[in-house]
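A.B. asks: Just passing along the structure, written as structure tokens.
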Amino acid sequence: MQETKTTTTNEETGRFGDFGGQYIPETLMSEIERLTEAYDHYKNDPEFKAELHDLLVNYAGRPSLLYHAKRMSKDLGGAQIYFKREDLNHTGSHKINNALGQALLAKKMGKTRLIAETGAGQHGVATATVAALLGMECEIYMGKLDTERQALNVYRMEMLGAKVHPISSGTGTLKDAVNAALQEWTRRVDDTHYLIGSTMGPHPFPTMVRDFQAVISKEIKEQIIKEAGKLPDAVVACVGGGSNAMGAFYNFIDDPEVRLIGCEAAGKGLNTEQHAATLEKGRPGIFHGMKSVFCQDDDGDITEVYSISAGLDYPGIGPEHAYLQDIKRAEYVGITDDEAVDAFDFIAKEEGIVAAIESSHAVAYVKKLAPTMRPDQIIVCNLSGRGDKDVAAIARYKGVDIHD
Amino acid sequence: MTNLQAAFNDPQTLVAFTVAGDPNIDKSIEYVVAMANAGADVIELGIPFSDPIADGPVIQKAGLRAFDAGIDTDKIFAMVSEIRQQTDVPLVFLSYLNKLFDYGYDAFFTECENRGVSGVVIPDLSFEERGELEGAAQAHNVAIIPLVAPTSGHRIAKIVAGSTGFIYLVSSLGITGVRDDNQMSADLNQLVTEIKKYTDAPVAVGFGIHTEQQVTQMNQIADGAIIGSGIVKLIEEDPENATDKIVAYVKAIKA
């Protein structure tokens with residue numbers, strides 16, 4: 001990597017250091033060009049910005065709260081812990097920020113149909129919601145295994161008017177849903193926008209999704225300065241493709257005193273084959289439109305990954321995270337299923353918050369980190385989504401029969 | 001004109017595709033040699049990949065059969081050497097980019113040159129990213145075969161300029177697999193005319209082509225036709241004993 005290591009690099013070509021780019025079939029490239037031009041135009045268009053702002057405030061419920069978890073801070077006996085409550089957004093996760101932004105952009109481009117992949121279903125629900133709001137057709141691609149572990153979200157999407165396609169190829173998880181959505185976009189590109197749910201895929205998606213999610217760190221910064229009069233010492237978020245983490249990190253990248261910590265799914269342990277800890281166990285590769293880091297075998301085939309969380313169960317990661325790790329601006333740690341489930345229980349009982357199993361990976365790291373810090377130090381943890389969708393799966397994990 | 005380009009001089013040029021290692025290495029070699037002997041002008045060998053996003057179900061399943069038989073990139077290069085002892089038909093690879101990236105571009109093209117592979121089709125390599133491997137390919141005399149799609153529009157000039165192999169014209173939107181004539185892009189004639197403004201390289205049409213009539217039609221519109229799923233389907237139907245059917249299929253098209 002020869003590029004100058006600054007915080008953000010050559011966004012015009014979608015490069016973060018050596019990562020990013022546009023590795024996508026030619027059939028889609030003209031559309032990718034149109035999308036790039038449209039985004040470059042509308043991101044600075046006052047009318048577009050005002051419309052999006054209005055939707056974020058009056059529809060999604062922004063700004064989301066920054067909540068001081070005093071009981072948990074006291075019981076862990078270290079740093080002050082604040083939760084950024086993206087779980088309180090309309091539809092129950094941060095995914096709505098990006099879905100509103102891209103759907104509005106697609107509408108401006110004259111598109112009438114949205115397609116999307118989803119893992120846990122949060123992005124699918126957000127996309128289906130926004131499609132209903134804006135009067136657009138919607139089809140969601142979801143791994144078959146994920147439709148089973150997140151059956152409630154499938155029904156939610158259908159109630160919102162979306163058609164859900166269970167994908168049984170490969171491992172029947174998020175990666176296969178992305179493959180299917182890309183194939184569908186190749187078949188029908190004229191009237192269709194592929195609303196990618198994370199900071200991944202070909203340029204301009206990683207930059208665009210990050211920009212739509214950066215409202216998270218913009219608000220955190222304003223809120224924590226107002227509340228505590230200083231920047232946090234650490235920002236912690238879970239990482240699958242990386243959108244909530246990029247949103248939570250972005251406005252702190254140029255504040256080197258703020259530690260940025262991404263929590264990957266270590267599944268049954270980093271020493272096993274059953275994990276989804278891309279940045280700890282993967283290596284550079286090219287897949288799903290981007291050069292980034294992927295879990296792959298000796299011959300460059302993408303490997304099966306595993307996590308209890310359908311939202312983190314992805315063998316790659318957004319290129320900007322690969323870059324932030326490369327320049328050592330952000331740290332990435334693995335959290336096992338067991339640790340995440342413990343954290344799910346812990347935050348429920350300590351703070352009365354049922355957090356998504358994805359977000360519980362971040363909470364698990366906060367549990368480890370807080371006691372090592374002083375009471376005058378601050379951790380902000382992004383609660384990317386709410387955990388109602390996970391209750392049945394957690395019960396199953398613990399072997400409890402809840403007759404659902 | 002390279003050997004690869006000369007192969008398109010035939011008025012009924014056929015590029016025949018099969019997945020390397022499908023259903024196993026020995027049979028795969030047998031099928032490739034049989035196709036060449038039956039008259040296929042160019043053989044396109046698919047390198048299986050875990051996530052073939054441009055391919056339909058028929059070719060996806062072929063990849064899985066090859067994986068089950070233990071195929072990998074080194075074994076495919078060894079396969080090529082065995083094929084080369086039996087036929088000098090021009091060979092090209094079809095591969096997703098990560099297979100080349102992970103092998104190392106220079107190492108990959110070195111093997112291609114040493115074993116006699118003239119070109120490589122890479123469905124997920126855009127013009128924008130071609131620069132990172134173009135130098136290595138040129139240094140080893142391997143053509144990067146660009147794809148042009150019905151949606152390419154103003155991009156065609158830059159995509160095809162300087163081509164040393166052939167141009168792979170994608171017949172229609174979507175992924176690989178058998179299609180009816182009415183699903184082909186109506187503008188193939190126009191697309192070929194546009195391509196020819198910027199290159200002398202031959203143009204072969206692929207995606208969905210499977211009948212003799214379509215091959216003849218594509219040879220009128222362009223310089224050749226590519227058949228993939230049509231051949232792979234014959235292997236799927238009877239993996240161990242497809243030789244006779246493949247030979248009959250290729251001969252009927254070439255007749």
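Identifiers in the structure tokens: chain A, B, ... in order shown; residue index from 1 per chain; ligand index from 1 in order shown.
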Under the rule of at most 7 Å, produce a per-residue listing of chain B near chain A: chain, number, name, the closest pair of atoms, and the distance in Å, as JSON lines, using only C-alpha atoms.

C.D. replies:
{"residue": "B:Phe49", "atom": "CA", "partner": "A:Asp301", "partner_atom": "CA", "distance": 5.9}
{"residue": "B:Ser50", "atom": "CA", "partner": "A:Asp301", "partner_atom": "CA", "distance": 5.2}
{"residue": "B:Ile53", "atom": "CA", "partner": "A:Asn179", "partner_atom": "CA", "distance": 5.7}
{"residue": "B:Ala54", "atom": "CA", "partner": "A:Gln183", "partner_atom": "CA", "distance": 6.8}
{"residue": "B:Asp72", "atom": "CA", "partner": "A:Asp299", "partner_atom": "CA", "distance": 6.6}
{"residue": "B:Thr73", "atom": "CA", "partner": "A:Asp299", "partner_atom": "CA", "distance": 6.9}
{"residue": "B:Leu97", "atom": "CA", "partner": "A:Ile286", "partner_atom": "CA", "distance": 6.7}
{"residue": "B:Asn98", "atom": "CA", "partner": "A:Ile286", "partner_atom": "CA", "distance": 5.0}
{"residue": "B:Lys99", "atom": "CA", "partner": "A:Gly300", "partner_atom": "CA", "distance": 5.1}
{"residue": "B:Phe101", "atom": "CA", "partner": "A:Gly285", "partner_atom": "CA", "distance": 6.9}
{"residue": "B:Asp102", "atom": "CA", "partner": "A:Gly300", "partner_atom": "CA", "distance": 5.3}
{"residue": "B:Pro123", "atom": "CA", "partner": "A:Pro25", "partner_atom": "CA", "distance": 5.4}
{"residue": "B:Asp124", "atom": "CA", "partner": "A:Pro25", "partner_atom": "CA", "distance": 4.5}
{"residue": "B:Leu125", "atom": "CA", "partner": "A:Tyr23", "partner_atom": "CA", "distance": 5.3}
{"residue": "B:Ser126", "atom": "CA", "partner": "A:Tyr23", "partner_atom": "CA", "distance": 5.7}
{"residue": "B:Glu128", "atom": "CA", "partner": "A:Gln22", "partner_atom": "CA", "distance": 7.0}
{"residue": "B:Glu129", "atom": "CA", "partner": "A:Tyr23", "partner_atom": "CA", "distance": 6.7}
{"residue": "B:Leu147", "atom": "CA", "partner": "A:Glu26", "partner_atom": "CA", "distance": 6.5}
{"residue": "B:Val148", "atom": "CA", "partner": "A:Glu26", "partner_atom": "CA", "distance": 6.5}
{"residue": "B:Ala149", "atom": "CA", "partner": "A:Thr27", "partner_atom": "CA", "distance": 5.1}
{"residue": "B:Thr151", "atom": "CA", "partner": "A:Thr27", "partner_atom": "CA", "distance": 5.8}
{"residue": "B:Ser152", "atom": "CA", "partner": "A:Ser30", "partner_atom": "CA", "distance": 6.1}
{"residue": "B:Leu173", "atom": "CA", "partner": "A:Arg187", "partner_atom": "CA", "distance": 5.0}
{"residue": "B:Gly174", "atom": "CA", "partner": "A:Arg187", "partner_atom": "CA", "distance": 3.7}
{"residue": "B:Ile175", "atom": "CA", "partner": "A:Gln183", "partner_atom": "CA", "distance": 6.7}

A.B. asks: Tell me, which residues of stretch 26-198 of chain B carry DSSP alpha helix (DSSP H), written as a ChimeraX atom specification?

C.D. replies: /B:26-37,57-68,73-84,97-103,105-115,131-139,156-160,188-198

A.B. asks: Residues as selected, C-alpha atoms, written as an mmCIF file, in the first residue's frame, can you do that?

C.D. replies:
data_model
loop_
_atom_site.group_PDB
_atom_site.id
_atom_site.type_symbol
_atom_site.label_atom_id
_atom_site.label_comp_id
_atom_site.auth_asym_id
_atom_site.auth_seq_id
_atom_site.Cartn_x
_atom_site.Cartn_y
_atom_site.Cartn_z
ATOM 1 C CA ASP B 26 -9.991 -37.095 -15.663
ATOM 2 C CA LYS B 27 -13.486 -36.756 -17.138
ATOM 3 C CA SER B 28 -13.081 -33.017 -17.464
ATOM 4 C CA ILE B 29 -9.895 -33.486 -19.525
ATOM 5 C CA GLU B 30 -11.692 -36.072 -21.642
ATOM 6 C CA TYR B 31 -14.608 -33.694 -22.325
ATOM 7 C CA VAL B 32 -12.362 -30.784 -23.252
ATOM 8 C CA VAL B 33 -10.326 -32.873 -25.686
ATOM 9 C CA ALA B 34 -13.505 -34.385 -27.170
ATOM 10 C CA MET B 35 -14.995 -30.917 -27.745
ATOM 11 C CA ALA B 36 -11.807 -29.758 -29.432
ATOM 12 C CA ASN B 37 -11.701 -32.839 -31.648
ATOM 13 C CA PRO B 57 -27.870 -22.561 -11.357
ATOM 14 C CA VAL B 58 -26.488 -24.951 -14.024
ATOM 15 C CA ILE B 59 -22.937 -23.587 -13.846
ATOM 16 C CA GLN B 60 -23.167 -23.123 -10.066
ATOM 17 C CA LYS B 61 -23.930 -26.818 -9.681
ATOM 18 C CA ALA B 62 -21.059 -27.752 -11.984
ATOM 19 C CA GLY B 63 -18.735 -25.789 -9.708
ATOM 20 C CA LEU B 64 -19.989 -27.722 -6.709
ATOM 21 C CA ARG B 65 -19.362 -31.041 -8.503
ATOM 22 C CA ALA B 66 -15.808 -29.924 -9.244
ATOM 23 C CA PHE B 67 -15.241 -28.868 -5.627
ATOM 24 C CA ASP B 68 -16.555 -32.235 -4.465
ATOM 25 C CA THR B 73 -6.217 -23.755 -9.079
ATOM 26 C CA ASP B 74 -2.977 -25.751 -9.136
ATOM 27 C CA LYS B 75 -4.829 -28.877 -10.216
ATOM 28 C CA ILE B 76 -6.460 -26.876 -12.998
ATOM 29 C CA PHE B 77 -3.053 -25.767 -14.265
ATOM 30 C CA ALA B 78 -1.904 -29.394 -14.181
ATOM 31 C CA MET B 79 -5.073 -30.287 -16.112
ATOM 32 C CA VAL B 80 -4.183 -27.725 -18.759
ATOM 33 C CA SER B 81 -0.775 -29.343 -19.250
ATOM 34 C CA GLU B 82 -2.443 -32.713 -19.838
ATOM 35 C CA ILE B 83 -4.934 -31.179 -22.270
ATOM 36 C CA ARG B 84 -2.041 -29.545 -24.094
ATOM 37 C CA LEU B 97 -11.078 -12.086 -9.756
ATOM 38 C CA ASN B 98 -10.385 -13.268 -6.221
ATOM 39 C CA LYS B 99 -8.981 -16.550 -7.522
ATOM 40 C CA LEU B 100 -6.321 -14.616 -9.473
ATOM 41 C CA PHE B 101 -5.763 -12.041 -6.737
ATOM 42 C CA ASP B 102 -5.219 -14.687 -4.104
ATOM 43 C CA TYR B 103 -2.944 -16.777 -6.354
ATOM 44 C CA TYR B 105 -1.508 -11.936 -10.534
ATOM 45 C CA ASP B 106 2.043 -12.485 -11.745
ATOM 46 C CA ALA B 107 2.148 -16.108 -10.590
ATOM 47 C CA PHE B 108 -1.210 -16.789 -12.214
ATOM 48 C CA PHE B 109 -0.278 -15.321 -15.587
ATOM 49 C CA THR B 110 3.126 -17.020 -15.476
ATOM 50 C CA GLU B 111 1.371 -20.386 -15.205
ATOM 51 C CA CYS B 112 -1.024 -19.418 -18.007
ATOM 52 C CA GLU B 113 1.880 -18.572 -20.283
ATOM 53 C CA ASN B 114 3.919 -21.651 -19.410
ATOM 54 C CA ARG B 115 1.021 -24.045 -19.898
ATOM 55 C CA GLY B 131 -5.173 -1.612 -14.377
ATOM 56 C CA GLU B 132 -4.061 -3.615 -11.361
ATOM 57 C CA LEU B 133 -3.493 -6.773 -13.419
ATOM 58 C CA GLU B 134 -3.138 -5.558 -16.987
ATOM 59 C CA GLY B 135 0.626 -5.168 -16.773
ATOM 60 C CA ALA B 136 1.165 -8.673 -15.445
ATOM 61 C CA ALA B 137 -1.149 -10.142 -18.087
ATOM 62 C CA GLN B 138 0.625 -8.336 -20.909
ATOM 63 C CA ALA B 139 4.043 -9.330 -19.617
ATOM 64 C CA ILE B 156 -17.738 0.529 -24.948
ATOM 65 C CA ALA B 157 -14.934 2.609 -26.486
ATOM 66 C CA LYS B 158 -12.684 2.447 -23.424
ATOM 67 C CA ILE B 159 -13.568 -1.161 -22.599
ATOM 68 C CA VAL B 160 -12.592 -2.646 -25.970
ATOM 69 C CA LEU B 188 -26.915 -6.992 -30.598
ATOM 70 C CA ASN B 189 -26.301 -5.756 -34.159
ATOM 71 C CA GLN B 190 -25.898 -2.205 -32.961
ATOM 72 C CA LEU B 191 -23.669 -3.277 -30.090
ATOM 73 C CA VAL B 192 -21.361 -5.174 -32.449
ATOM 74 C CA THR B 193 -21.208 -2.202 -34.831
ATOM 75 C CA GLU B 194 -20.305 0.049 -31.929
ATOM 76 C CA ILE B 195 -17.610 -2.346 -30.667
ATOM 77 C CA LYS B 196 -16.069 -2.662 -34.138
ATOM 78 C CA LYS B 197 -15.553 1.100 -34.276
ATOM 79 C CA TYR B 198 -12.926 0.797 -31.579
#

A.B. asks: With a distance cut-off of 10 Å and only C-alpha atoms, select the neighbouring residues of A:Asp376, excluding the residue or stretch itself and same-chain residues fewer than 3 positions from it, and output the selection as a JSON list (two decimals) with all heavy atoms, in the first residue's frame.

C.D. replies:
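Written out: around_9.json:
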[["chain", "number", "residue", "atom", "x", "y", "z"],
["A", 78, "GLY", "N", -15.87, 1.14, 36.82],
["A", 78, "GLY", "CA", -14.80, 1.81, 36.07],
["A", 78, "GLY", "C", -15.37, 3.00, 35.34],
["A", 78, "GLY", "O", -15.99, 3.88, 35.96],
["A", 79, "ALA", "N", -15.20, 3.00, 34.03],
["A", 79, "ALA", "CA", -15.58, 4.14, 33.19],
["A", 79, "ALA", "C", -17.08, 4.39, 33.24],
["A", 79, "ALA", "O", -17.88, 3.52, 33.56],
["A", 79, "ALA", "CB", -15.16, 3.87, 31.75],
["A", 80, "GLN", "N", -17.45, 5.64, 32.92],
["A", 80, "GLN", "CA", -18.87, 5.98, 32.73],
["A", 80, "GLN", "C", -19.31, 5.44, 31.36],
["A", 80, "GLN", "O", -18.64, 5.68, 30.36],
["A", 80, "GLN", "CB", -19.05, 7.51, 32.76],
["A", 80, "GLN", "CG", -18.62, 8.14, 34.08],
["A", 80, "GLN", "CD", -19.28, 7.45, 35.28],
["A", 80, "GLN", "OE1", -20.50, 7.30, 35.33],
["A", 80, "GLN", "NE2", -18.46, 7.02, 36.24],
["A", 228, "ALA", "N", -21.06, 15.85, 29.16],
["A", 228, "ALA", "CA", -19.86, 15.62, 29.98],
["A", 228, "ALA", "C", -18.78, 16.66, 29.73],
["A", 228, "ALA", "O", -17.77, 16.68, 30.42],
["A", 228, "ALA", "CB", -19.31, 14.23, 29.68],
["A", 233, "ASP", "N", -13.60, 8.60, 25.76],
["A", 233, "ASP", "CA", -12.29, 7.94, 25.66],
["A", 233, "ASP", "C", -12.33, 6.78, 24.69],
["A", 233, "ASP", "O", -11.31, 6.41, 24.12],
["A", 233, "ASP", "CB", -11.84, 7.48, 27.04],
["A", 233, "ASP", "CG", -11.64, 8.66, 27.97],
["A", 233, "ASP", "OD1", -10.55, 9.26, 27.93],
["A", 233, "ASP", "OD2", -12.60, 9.04, 28.68],
["A", 373, "MET", "N", -10.85, 0.97, 33.29],
["A", 373, "MET", "CA", -10.73, 2.42, 33.13],
["A", 373, "MET", "C", -11.15, 3.15, 34.41],
["A", 373, "MET", "O", -11.72, 2.57, 35.32],
["A", 373, "MET", "CB", -11.60, 2.87, 31.93],
["A", 373, "MET", "CG", -11.09, 2.33, 30.60],
["A", 373, "MET", "SD", -12.24, 2.53, 29.22],
["A", 373, "MET", "CE", -12.28, 4.29, 28.99]]

A.B. asks: Residues of stretch 225-325 of chain A classed as strand (DSSP E or B) by DSSP on the backbone are to be reported as a list in words.

C.D. replies: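 The strand (DSSP E or B) residues within stretch 225-325 of chain A come out as Ala234, Val235, Val236, Ala237, Cys238, Arg259, Leu260, Ile261, Gly262, Cys263, Glu264, Ala265, Ala266, Gly267, Ala276, Arg283, Pro284, Gly285, Ile286, Phe287, Gly289, Met290, Lys291, Ser292, Val293, Phe294, Gln296 and Ile302 of chain A.
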
A.B. asks: As a list in words, please: the residues near A:Asn89 (cut-off 7 Å, only C-alpha atoms, same-chain neighbours under 4 positions excluded).

C.D. replies: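 Final neighbour list, sorted by chain and number: Ala60, Gly61, Arg62, Ser64, Ser93 and His94 of chain A.
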
A.B. asks: Find the residues around stretch 346-359 of chain A up to 8 Å (only C-alpha atoms counted), leave out those fewer than 3 positions away in its own chain, and share them as a count of residues only.

C.D. replies: 25

A.B. asks: Would you mind listing what lies within 7 Å of A:Ile81 as a list in words, with only C-alpha atoms counted and same-chain residues fewer than 5 positions away left out?

C.D. replies: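 Contacts, in chain order: His68, Ala69, Ser73, Ile378, Ile379 and Val380 of chain A.
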
A.B. asks: Excluding A:Val235 and its own-chain neighbours fewer than 5 positions away, which residues fall within 9 Å of it when counting only C-alpha atoms? Please give them as a list in words.

C.D. replies: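 My reading of the contact set: Ala245, Ala248, Phe249, Phe252, Val258, Arg259, Leu260, Ile261, Gly262, Ile378, Ile379, Val380, Cys381 and Asn382 of chain A.
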
A.B. asks: Can you write out the residues you just picked, keeping N, CA and C atoms, as a PDB file, in the first residue's frame?

C.D. replies:
ATOM      1  N   ALA A 245     -21.002   0.674  13.033  1.00  0.00           N
ATOM      2  CA  ALA A 245     -19.692   1.054  13.562  1.00  0.00           C
ATOM      3  C   ALA A 245     -19.104   2.232  12.777  1.00  0.00           C
ATOM      4  N   ALA A 248     -20.822   5.268  13.898  1.00  0.00           N
ATOM      5  CA  ALA A 248     -20.432   5.687  15.250  1.00  0.00           C
ATOM      6  C   ALA A 248     -18.996   6.193  15.306  1.00  0.00           C
ATOM      7  N   PHE A 249     -18.144   5.696  14.395  1.00  0.00           N
ATOM      8  CA  PHE A 249     -16.718   6.083  14.424  1.00  0.00           C
ATOM      9  C   PHE A 249     -16.453   7.381  13.650  1.00  0.00           C
ATOM     10  N   PHE A 252     -15.262  10.770  14.739  1.00  0.00           N
ATOM     11  CA  PHE A 252     -14.172  10.729  15.735  1.00  0.00           C
ATOM     12  C   PHE A 252     -12.837  10.312  15.114  1.00  0.00           C
ATOM     13  N   VAL A 258      -9.612   9.482  20.936  1.00  0.00           N
ATOM     14  CA  VAL A 258     -10.790   8.613  21.101  1.00  0.00           C
ATOM     15  C   VAL A 258     -10.478   7.238  20.508  1.00  0.00           C
ATOM     16  N   ARG A 259     -10.464   6.229  21.387  1.00  0.00           N
ATOM     17  CA  ARG A 259     -10.256   4.857  20.878  1.00  0.00           C
ATOM     18  C   ARG A 259     -11.499   4.390  20.146  1.00  0.00           C
ATOM     19  N   LEU A 260     -11.327   3.776  18.999  1.00  0.00           N
ATOM     20  CA  LEU A 260     -12.446   3.239  18.226  1.00  0.00           C
ATOM     21  C   LEU A 260     -12.314   1.722  18.229  1.00  0.00           C
ATOM     22  N   ILE A 261     -13.348   1.045  18.730  1.00  0.00           N
ATOM     23  CA  ILE A 261     -13.242  -0.410  18.904  1.00  0.00           C
ATOM     24  C   ILE A 261     -14.437  -1.110  18.251  1.00  0.00           C
ATOM     25  N   GLY A 262     -14.131  -1.947  17.279  1.00  0.00           N
ATOM     26  CA  GLY A 262     -15.169  -2.722  16.589  1.00  0.00           C
ATOM     27  C   GLY A 262     -15.198  -4.141  17.125  1.00  0.00           C
ATOM     28  N   ILE A 378     -14.826   7.914  29.820  1.00  0.00           N
ATOM     29  CA  ILE A 378     -16.138   7.692  29.199  1.00  0.00           C
ATOM     30  C   ILE A 378     -16.043   6.683  28.048  1.00  0.00           C
ATOM     31  N   ILE A 379     -16.981   5.729  28.074  1.00  0.00           N
ATOM     32  CA  ILE A 379     -17.167   4.831  26.920  1.00  0.00           C
ATOM     33  C   ILE A 379     -18.537   5.135  26.324  1.00  0.00           C
ATOM     34  N   VAL A 380     -18.586   5.319  25.020  1.00  0.00           N
ATOM     35  CA  VAL A 380     -19.882   5.362  24.330  1.00  0.00           C
ATOM     36  C   VAL A 380     -20.026   4.065  23.541  1.00  0.00           C
ATOM     37  N   CYS A 381     -21.117   3.361  23.817  1.00  0.00           N
ATOM     38  CA  CYS A 381     -21.379   2.097  23.120  1.00  0.00           C
ATOM     39  C   CYS A 381     -22.609   2.284  22.234  1.00  0.00           C
ATOM     40  N   ASN A 382     -22.479   1.929  20.970  1.00  0.00           N
ATOM     41  CA  ASN A 382     -23.614   2.096  20.067  1.00  0.00           C
ATOM     42  C   ASN A 382     -24.556   0.897  20.178  1.00  0.00           C
TER      43      ASN A 382
END
